[in-house]
Structure formats: structure tokens, C-alpha cells
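S.K.: PDB, C-alpha atoms, saved as my_file-v5.pdb, coming up:
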MODEL        1
ATOM      1  CA  MET J   1      22.864 -63.342 -38.315
ATOM      2  CA  GLN J   2      22.169 -59.736 -39.180
ATOM      3  CA  PHE J   3      18.958 -57.893 -39.863
ATOM      4  CA  ARG J   4      17.704 -54.365 -40.164
ATOM      5  CA  HIS J   5      14.334 -52.800 -39.335
ATOM      6  CA  LYS J   6      13.029 -49.298 -39.972
ATOM      7  CA  ILE J   7      10.868 -47.357 -37.536
ATOM      8  CA  SER J   8       8.759 -44.261 -38.075
ATOM      9  CA  GLY J   9       8.643 -41.474 -35.508
ATOM     10  CA  GLY J  10       5.197 -40.962 -33.955
ATOM     11  CA  ASP J  11       3.880 -44.351 -35.094
ATOM     12  CA  PHE J  12       2.715 -45.681 -31.735
ATOM     13  CA  ALA J  13       0.567 -48.396 -33.311
ATOM     14  CA  ARG J  14       3.749 -50.113 -34.498
ATOM     15  CA  ALA J  15       6.029 -49.302 -31.555
ATOM     16  CA  GLY J  16       7.273 -52.662 -30.333
ATOM     17  CA  ASN J  17       7.056 -54.495 -33.671
ATOM     18  CA  VAL J  18      10.829 -54.776 -33.939
ATOM     19  CA  ALA J  19      11.305 -55.952 -30.341
ATOM     20  CA  SER J  20       8.516 -58.472 -30.872
ATOM     21  CA  ALA J  21      10.159 -59.830 -34.057
ATOM     22  CA  VAL J  22      13.538 -60.063 -32.304
ATOM     23  CA  LYS J  23      11.927 -61.835 -29.336
ATOM     24  CA  LYS J  24      10.571 -64.521 -31.694
ATOM     25  CA  ILE J  25      13.954 -64.943 -33.430
ATOM     26  CA  LEU J  26      15.792 -65.298 -30.102
ATOM     27  CA  ARG J  27      13.274 -67.915 -29.027
ATOM     28  CA  GLN J  28      13.859 -69.862 -32.267
ATOM     29  CA  LEU J  29      17.603 -69.694 -31.654
ATOM     30  CA  ASN J  30      17.016 -71.177 -28.176
ATOM     31  CA  ILE J  31      18.779 -68.280 -26.492
ATOM     32  CA  GLU J  32      18.398 -68.506 -22.722
ATOM     33  CA  HIS J  33      15.266 -66.672 -21.581
ATOM     34  CA  SER J  34      16.998 -64.467 -19.003
ATOM     35  CA  VAL J  35      19.373 -63.233 -21.746
ATOM     36  CA  SER J  36      16.715 -62.702 -24.393
ATOM     37  CA  LYS J  37      14.372 -60.932 -21.989
ATOM     38  CA  ARG J  38      16.992 -58.282 -21.189
ATOM     39  CA  ILE J  39      17.767 -57.569 -24.832
ATOM     40  CA  VAL J  40      14.076 -57.474 -25.760
ATOM     41  CA  ILE J  41      13.239 -55.018 -22.937
ATOM     42  CA  ALA J  42      16.224 -52.786 -23.852
ATOM     43  CA  LEU J  43      15.294 -52.878 -27.512
ATOM     44  CA  TYR J  44      11.633 -52.107 -26.833
ATOM     45  CA  GLU J  45      12.606 -49.105 -24.690
ATOM     46  CA  GLY J  46      14.879 -47.942 -27.519
ATOM     47  CA  GLU J  47      12.152 -48.398 -30.078
ATOM     48  CA  VAL J  48       9.665 -46.438 -27.954
ATOM     49  CA  ASN J  49      12.281 -43.676 -27.623
ATOM     50  CA  VAL J  50      12.600 -43.377 -31.414
ATOM     51  CA  VAL J  51       8.808 -43.364 -31.891
ATOM     52  CA  ALA J  52       8.411 -40.833 -29.064
ATOM     53  CA  HIS J  53      11.200 -38.407 -29.932
ATOM     54  CA  ALA J  54      12.607 -38.895 -33.441
ATOM     55  CA  TYR J  55      11.376 -38.568 -37.044
ATOM     56  CA  SER J  56      12.624 -41.953 -38.169
ATOM     57  CA  GLY J  57      15.076 -44.619 -37.133
ATOM     58  CA  ILE J  58      16.901 -47.788 -38.105
ATOM     59  CA  ILE J  59      17.578 -50.752 -35.843
ATOM     60  CA  ASP J  60      20.422 -53.109 -36.764
ATOM     61  CA  VAL J  61      20.639 -56.401 -34.906
ATOM     62  CA  ASP J  62      23.718 -58.602 -35.185
ATOM     63  CA  ILE J  63      23.698 -61.973 -33.441
ATOM     64  CA  ASP J  64      26.735 -64.253 -33.241
ATOM     65  CA  GLU J  65      27.606 -67.158 -30.934
ATOM     66  CA  GLU J  66      28.895 -64.881 -28.210
ATOM     67  CA  LYS J  67      26.746 -61.786 -28.184
ATOM     68  CA  ILE J  68      23.882 -59.751 -29.544
ATOM     69  CA  LYS J  69      24.735 -56.276 -30.790
ATOM     70  CA  THR J  70      21.954 -53.790 -31.360
ATOM     71  CA  LYS J  71      22.412 -50.382 -32.931
ATOM     72  CA  ILE J  72      19.549 -47.891 -32.906
ATOM     73  CA  THR J  73      20.178 -44.901 -35.150
ATOM     74  CA  ASP J  74      17.640 -42.116 -35.464
ATOM     75  CA  ILE J  75      17.145 -38.894 -37.346
ATOM     76  CA  GLY J  76      15.672 -36.481 -34.844
ATOM     77  CA  PRO J  77      16.259 -33.629 -32.453
ATOM     78  CA  GLY J  78      19.184 -35.383 -30.743
ATOM     79  CA  ILE J  79      20.087 -35.128 -27.054
ATOM     80  CA  SER J  80      22.007 -32.025 -25.976
ATOM     81  CA  ASP J  81      22.868 -33.272 -22.482
ATOM     82  CA  ILE J  82      23.252 -37.077 -22.443
ATOM     83  CA  GLU J  83      24.198 -37.190 -18.767
ATOM     84  CA  LYS J  84      20.983 -35.375 -17.872
ATOM     85  CA  ALA J  85      18.943 -37.635 -20.189
ATOM     86  CA  MET J  86      20.325 -40.678 -18.342
ATOM     87  CA  GLU J  87      19.013 -39.359 -15.015
ATOM     88  CA  GLU J  88      15.929 -41.226 -13.880
ATOM     89  CA  GLY J  89      12.899 -38.941 -13.908
ATOM     90  CA  TYR J  90      14.230 -36.505 -16.515
ATOM     91  CA  SER J  91      12.122 -36.487 -19.677
ATOM     92  CA  THR J  92      11.192 -34.206 -22.549
ATOM     93  CA  ALA J  93       8.279 -36.438 -23.619
ATOM     94  CA  THR J  94       5.073 -34.945 -24.985
ATOM     95  CA  PRO J  95       1.634 -35.483 -23.360
ATOM     96  CA  GLN J  96       0.852 -37.966 -26.176
ATOM     97  CA  VAL J  97       3.832 -40.113 -25.155
ATOM     98  CA  ARG J  98       2.719 -39.979 -21.520
ATOM     99  CA  GLU J  99      -0.782 -41.092 -22.510
ATOM    100  CA  MET J 100       0.842 -44.224 -23.930
ATOM    101  CA  GLY J 101       2.255 -45.040 -20.501
ATOM    102  CA  PHE J 102       5.782 -43.747 -21.152
ATOM    103  CA  GLY J 103       7.703 -40.504 -20.750
ATOM    104  CA  ALA J 104       8.582 -40.891 -17.074
ATOM    105  CA  GLY J 105      12.302 -40.538 -17.737
ATOM    106  CA  MET J 106      13.077 -44.194 -17.082
ATOM    107  CA  GLY J 107      13.814 -45.532 -20.561
ATOM    108  CA  LEU J 108      17.538 -44.898 -20.987
ATOM    109  CA  ALA J 109      18.304 -46.055 -17.446
ATOM    110  CA  ASN J 110      16.330 -49.245 -18.051
ATOM    111  CA  MET J 111      18.177 -49.824 -21.344
ATOM    112  CA  LYS J 112      21.462 -49.541 -19.478
ATOM    113  CA  LYS J 113      20.257 -51.948 -16.780
ATOM    114  CA  ASN J 114      19.204 -54.486 -19.407
ATOM    115  CA  SER J 115      22.393 -54.440 -21.466
ATOM    116  CA  ASP J 116      26.003 -55.454 -20.754
ATOM    117  CA  SER J 117      27.280 -52.299 -22.408
ATOM    118  CA  MET J 118      25.585 -49.212 -23.778
ATOM    119  CA  LYS J 119      27.043 -46.326 -25.773
ATOM    120  CA  ILE J 120      25.114 -43.200 -26.695
ATOM    121  CA  SER J 121      26.241 -40.534 -29.110
ATOM    122  CA  SER J 122      24.153 -37.654 -30.312
ATOM    123  CA  ILE J 123      24.342 -34.526 -32.421
ATOM    124  CA  PRO J 124      21.657 -32.027 -31.466
ATOM    125  CA  GLY J 125      19.522 -31.208 -34.477
ATOM    126  CA  GLU J 126      20.630 -34.339 -36.331
ATOM    127  CA  GLY J 127      19.980 -37.467 -34.310
ATOM    128  CA  THR J 128      21.034 -40.071 -31.775
ATOM    129  CA  THR J 129      22.756 -43.443 -31.935
ATOM    130  CA  VAL J 130      22.531 -46.010 -29.150
ATOM    131  CA  GLU J 131      24.658 -49.154 -29.284
ATOM    132  CA  LEU J 132      23.884 -52.066 -26.990
ATOM    133  CA  VAL J 133      25.791 -55.291 -26.419
ATOM    134  CA  ASN J 134      24.366 -58.292 -24.575
ATOM    135  CA  TYR J 135      26.496 -61.387 -24.063
ATOM    136  CA  ILE J 136      24.786 -64.714 -24.586
ATOM    137  CA  LYS J 137      27.156 -66.600 -22.303
ATOM    138  CA  PRO J 138      28.651 -65.304 -19.037
ATOM    139  CA  HIS J 139      31.380 -62.872 -19.998
ATOM    140  CA  ALA J 140      34.443 -61.880 -18.002
ATOM    141  CA  GLY J 141      34.822 -58.088 -17.957
TER     142      GLY J 141
ATOM    143  CA  MET M   1      -4.655 -69.097  -7.719
ATOM    144  CA  THR M   2      -6.158 -69.599 -11.190
ATOM    145  CA  ILE M   3      -7.147 -66.705 -13.449
ATOM    146  CA  LYS M   4     -10.678 -68.148 -13.375
ATOM    147  CA  GLU M   5     -10.867 -67.697  -9.581
ATOM    148  CA  ILE M   6      -9.368 -64.213  -9.904
ATOM    149  CA  THR M   7     -11.948 -63.254 -12.524
ATOM    150  CA  GLU M   8     -14.777 -64.299 -10.191
ATOM    151  CA  ILE M   9     -13.420 -62.226  -7.279
ATOM    152  CA  ILE M  10     -13.276 -59.029  -9.351
ATOM    153  CA  ASP M  11     -16.534 -59.531 -11.320
ATOM    154  CA  GLY M  12     -14.402 -59.731 -14.417
ATOM    155  CA  LYS M  13     -15.431 -60.335 -18.002
ATOM    156  CA  VAL M  14     -12.918 -62.331 -20.026
ATOM    157  CA  ILE M  15     -12.242 -60.716 -23.405
ATOM    158  CA  CYS M  16      -9.425 -62.880 -24.725
ATOM    159  CA  CYS M  17      -7.957 -66.353 -24.358
ATOM    160  CA  GLU M  18     -10.700 -67.904 -22.249
ATOM    161  CA  GLU M  19      -9.150 -71.323 -22.877
ATOM    162  CA  LYS M  20      -6.239 -70.354 -20.611
ATOM    163  CA  LEU M  21      -8.245 -69.539 -17.474
ATOM    164  CA  SER M  22      -6.771 -72.463 -15.551
ATOM    165  CA  THR M  23      -3.337 -70.725 -15.649
ATOM    166  CA  GLN M  24      -1.960 -70.160 -12.149
ATOM    167  CA  VAL M  25      -0.569 -66.803 -11.020
ATOM    168  CA  GLU M  26       1.143 -65.943  -7.779
ATOM    169  CA  TYR M  27       2.171 -62.303  -8.179
ATOM    170  CA  ALA M  28       0.487 -59.105  -9.368
ATOM    171  CA  PHE M  29       1.622 -55.580 -10.183
ATOM    172  CA  SER M  30      -0.648 -52.531 -10.518
ATOM    173  CA  SER M  31       0.488 -49.674 -12.726
ATOM    174  CA  ASP M  32      -0.554 -47.284 -15.485
ATOM    175  CA  LEU M  33       3.085 -46.493 -16.172
ATOM    176  CA  MET M  34       4.424 -48.960 -18.719
ATOM    177  CA  SER M  35       8.024 -47.846 -18.068
ATOM    178  CA  ASP M  36       7.543 -49.116 -14.524
ATOM    179  CA  VAL M  37       6.112 -52.428 -15.740
ATOM    180  CA  LEU M  38       9.232 -52.887 -17.899
ATOM    181  CA  THR M  39      11.470 -52.796 -14.817
ATOM    182  CA  VAL M  40       9.712 -55.764 -13.176
ATOM    183  CA  GLU M  41      11.714 -58.973 -13.400
ATOM    184  CA  LYS M  42       9.131 -61.461 -12.164
ATOM    185  CA  GLU M  43       7.721 -63.974 -14.636
ATOM    186  CA  ASN M  44       4.154 -65.201 -14.963
ATOM    187  CA  LEU M  45       2.744 -61.981 -13.658
ATOM    188  CA  LEU M  46      -0.715 -60.452 -13.463
ATOM    189  CA  LEU M  47      -0.952 -56.775 -14.459
ATOM    190  CA  ILE M  48      -3.756 -54.591 -13.097
ATOM    191  CA  THR M  49      -4.053 -51.318 -15.000
ATOM    192  CA  GLY M  50      -6.269 -48.446 -16.074
ATOM    193  CA  LEU M  51      -4.295 -47.882 -19.271
ATOM    194  CA  ALA M  52      -6.071 -49.453 -22.244
ATOM    195  CA  ASN M  53      -4.063 -49.056 -25.424
ATOM    196  CA  LEU M  54      -1.886 -51.114 -27.735
ATOM    197  CA  GLN M  55       1.263 -50.326 -25.755
ATOM    198  CA  THR M  56      -0.261 -51.985 -22.660
ATOM    199  CA  ILE M  57      -0.337 -55.235 -24.653
ATOM    200  CA  ARG M  58       3.120 -54.703 -26.235
ATOM    201  CA  THR M  59       4.683 -53.937 -22.847
ATOM    202  CA  SER M  60       3.071 -57.064 -21.401
ATOM    203  CA  GLU M  61       4.428 -59.130 -24.276
ATOM    204  CA  MET M  62       7.985 -57.942 -23.577
ATOM    205  CA  SER M  63       7.548 -58.447 -19.810
ATOM    206  CA  ASP M  64       6.071 -61.967 -20.128
ATOM    207  CA  ILE M  65       2.822 -60.979 -18.437
ATOM    208  CA  THR M  66       0.239 -63.767 -18.486
ATOM    209  CA  CYS M  67      -2.918 -61.801 -17.804
ATOM    210  CA  ILE M  68      -4.017 -58.139 -17.817
ATOM    211  CA  ILE M  69      -6.971 -56.864 -15.802
ATOM    212  CA  PHE M  70      -8.368 -53.513 -16.928
ATOM    213  CA  GLY M  71     -10.110 -51.574 -14.158
ATOM    214  CA  ARG M  72     -13.134 -49.255 -14.334
ATOM    215  CA  ASP M  73     -14.581 -50.873 -17.441
ATOM    216  CA  LYS M  74     -11.869 -49.542 -19.730
ATOM    217  CA  LYS M  75     -12.712 -50.752 -23.208
ATOM    218  CA  ILE M  76     -10.356 -53.128 -24.933
ATOM    219  CA  GLY M  77     -10.066 -52.449 -28.678
ATOM    220  CA  ALA M  78     -10.042 -55.055 -31.458
ATOM    221  CA  GLU M  79      -6.364 -54.449 -32.244
ATOM    222  CA  MET M  80      -5.484 -55.028 -28.579
ATOM    223  CA  VAL M  81      -7.393 -58.338 -28.583
ATOM    224  CA  SER M  82      -5.682 -59.488 -31.755
ATOM    225  CA  LEU M  83      -2.202 -58.720 -30.407
ATOM    226  CA  ALA M  84      -3.032 -60.362 -27.071
ATOM    227  CA  ARG M  85      -4.315 -63.479 -28.830
ATOM    228  CA  GLU M  86      -1.127 -63.715 -30.872
ATOM    229  CA  ASN M  87       0.806 -63.723 -27.589
ATOM    230  CA  HIS M  88      -1.587 -66.036 -25.673
ATOM    231  CA  MET M  89      -2.389 -63.342 -23.130
ATOM    232  CA  ILE M  90      -5.622 -63.301 -21.118
ATOM    233  CA  LEU M  91      -7.480 -59.970 -21.054
ATOM    234  CA  VAL M  92     -10.114 -59.241 -18.397
ATOM    235  CA  GLU M  93     -12.364 -56.193 -17.946
ATOM    236  CA  SER M  94     -13.581 -55.363 -14.443
ATOM    237  CA  PRO M  95     -16.080 -52.681 -13.376
ATOM    238  CA  HIS M  96     -14.061 -52.013 -10.195
ATOM    239  CA  SER M  97     -11.222 -49.536  -9.687
ATOM    240  CA  VAL M  98      -7.576 -50.578  -9.850
ATOM    241  CA  PHE M  99      -7.399 -49.949  -6.078
ATOM    242  CA  HIS M 100     -10.421 -52.163  -5.409
ATOM    243  CA  ILE M 101      -9.153 -54.995  -7.644
ATOM    244  CA  SER M 102      -5.684 -54.836  -6.060
ATOM    245  CA  GLY M 103      -7.161 -54.886  -2.542
ATOM    246  CA  GLU M 104      -9.448 -57.848  -3.214
ATOM    247  CA  LEU M 105      -6.700 -59.902  -4.842
ATOM    248  CA  TYR M 106      -4.184 -59.080  -2.108
ATOM    249  CA  LYS M 107      -6.768 -60.207   0.465
ATOM    250  CA  ALA M 108      -7.262 -63.427  -1.506
ATOM    251  CA  GLY M 109      -3.541 -64.240  -1.307
ATOM    252  CA  ILE M 110      -2.031 -62.839  -4.516
ATOM    253  CA  LYS M 111       1.419 -61.573  -3.638
ATOM    254  CA  SER M 112       2.948 -58.161  -4.218
ATOM    255  CA  ILE M 113       6.379 -57.991  -5.904
ATOM    256  CA  TYR M 114       7.904 -55.218  -3.864
TER     257      TYR M 114
ENDMDL
END
Is it possible to give me this structure as C-alpha cells?

M.R.:
Amino acid sequence: MQFRHKISGGDFARAGNVASAVKKILRQLNIEHSVSKRIVIALYEGEVNVVAHAYSGIIDVDIDEEKIKTKITDIGPGISDIEKAMEEGYSTATPQVREMGFGAGMGLANMKKNSDSMKISSIPGEGTTVELVNYIKPHAG
Amino acid sequence: MTIKEITEIIDGKVICCEEKLSTQVEYAFSSDLMSDVLTVEKENLLLITGLANLQTIRTSEMSDITCIIFGRDKKIGAEMVSLARENHMILVESPHSVFHISGELYKAGIKSIY
């Protein structure tokens, strides 16, 4: 099962709509709660990141019997130092993002914690892509 | 402890999902930082916060939070109520500070996560 959602940068009223829709789909598919919760939290963090930092973004979700693959692609300022961005506590968030309860520099680390694999690539001035994989059943390696 | 008992202790006013006040909760977490809330793994949790916006409700939805208590009479908007109702989440306003609410509930036996 594959689906695609679009997100608009700066649209805090809708931040979380995609994660919420995915949460409902995973529940309908009877995916184990501990598995779905991790993917939903990682996806929500990713969605908030796009709303907070980028101009627009696309989320592609691909679910098969084994795993859930999520790809978050945005058009935005990009990340010049990914290693630094992964450090807990490092953030370039605006005061508006902080007023929403985010921007503490915890998002990327929490996405990593809640996924079985995470890949980030970014071109400064163009945008960022984050790919997450979560296995539905226990996975060796 | 039921949410009904909790509401009485903190002089709370129930804004949403009154029909669920018999729900039991064991653990609470106090935070205005939603990123921090998203790292909590406990289920069936009570959130005590001073942050009243739509993302408080969205974060709680993702974190499977049963009930949110807003301290210092923070006003809960119509959009927040509608999203909370959709997710069967109880919303409570209290005139007391987050510190006061946390202290009273801790004294009454609600457990801390960390």
C-alpha cells in the first residue's frame, strides 16, 4: 500500500495531519501498537520539521507485509551540517516554532530512536530528504 | 485514580469528553515542551501543561495521552476541543499552576515516569 501527502511550510494548524492519517491506517491494518507508535512519532517529528523549517514537503508512505518505509522530501533551506543537526539540543528553530512547543533540538534524534533505520541527505539551499524504515515483525540485522 | 477524582483535587473544569471521566490513570508528566512529551513511552498518561495550542492536542494524540490538564486557566480553543473530541481525549482547565497541580497529584498517589 502506497500513499502520498503534501505539507506546507509554516502551516502549524495542519502539522500532524499526515501522522494522524497514517496512525488511523496502521490501526485499520491491525499493526502492533508498539510498532505503529514508533512510526507515528517519527513521522510526526518529521512533519513538524518540514512545517518548521521548509517551504513545502512531500511524504511518501509505503507499507508491505514486512516493513513501513517513509520518505519525507522537502524544498527548503537544507541542512549544511547533518552531524551537528543530529546532536540533541542543537536547533535553528524560530521563536514561532518554540512557541508551538518544539525547537529544542530533539526531533531528529527522536526520529532515529523511533525508526529501525534512518537516512538523511540534504543540499543546502535546495532541501532535505529523510528516509525511515520500520519493520513490522522482528528483523534480524 | 479516576480523572473525575483528579479533576476535583485540582479544582478543574472539564472542557471535553466528560463521558470518559471514569477513566483510570496511574502516571503523569508535566511539560510545556512537546518534543519532550514525544519521547515518553508510557501509555495511558496524564499530561499537565501550560501550553495551550493545537500542537498540544496533536502531540497528545501521537503519544496516546488520555487526558490533558491545562494550568493557570489557559484557554482551550474550539479547534483544540474538536481535535480532542475526535481522539476521545479529556481536556481539563485548572486555575492552579502546573507546579501546584503536579504537587497535589503526586501527593494523591499519581506516579512520576522518571

S.K.: Taking only C-alpha atoms into account, find every residue of chain M that has an atom no more than 6 Å from chain J, and write it out as number ranges by chain.

M.R.: M: 33-35

S.K.: Between atom CA of J:Gly9 and atom CA of M:Cys67, what is the distance in Å, rounded to a tenth?

M.R.: 29.3 Å

S.K.: Return as AutoDock Vina command-line options the box centre and box size in Å, one decimal, for an axis-aligned box around all listed atoms of stretch 123-133 of chain J padded by 5 Å per side.

M.R.:
--center_x 22.7 --center_y -43.2 --center_z -31.4 --size_x 16.3 --size_y 34.1 --size_z 19.9

S.K.: Which residue gives the smallest distance to M:Ile69 among M:Leu47, M:Ala28, M:Met89, M:Ile110, with all atoms listed in the file counted?

M.R.: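 Under the stated criterion, the closest residue is M:Leu47.
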
S.K.: Near stretch 1-3 of chain J, within 6 Å and counting all atoms listed in the file, which residues show up once chain neighbours fewer than 4 positions away are dropped, as a list in words?

M.R.: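 What passes the distance filter is Asp60, Val61, Asp62 and Ile63 of chain J.
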
S.K.: Enter the distance from atom CA of J:Ile75 to atom CA of J:Thr128, in Å, rounded to one decimal.

M.R.: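 Between these atoms lies a distance of 6.9 Å.
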
S.K.: In Å, how far is it from atom CA of J:Ile82 to atom CA of J:Glu126?

M.R.: 14.4 Å
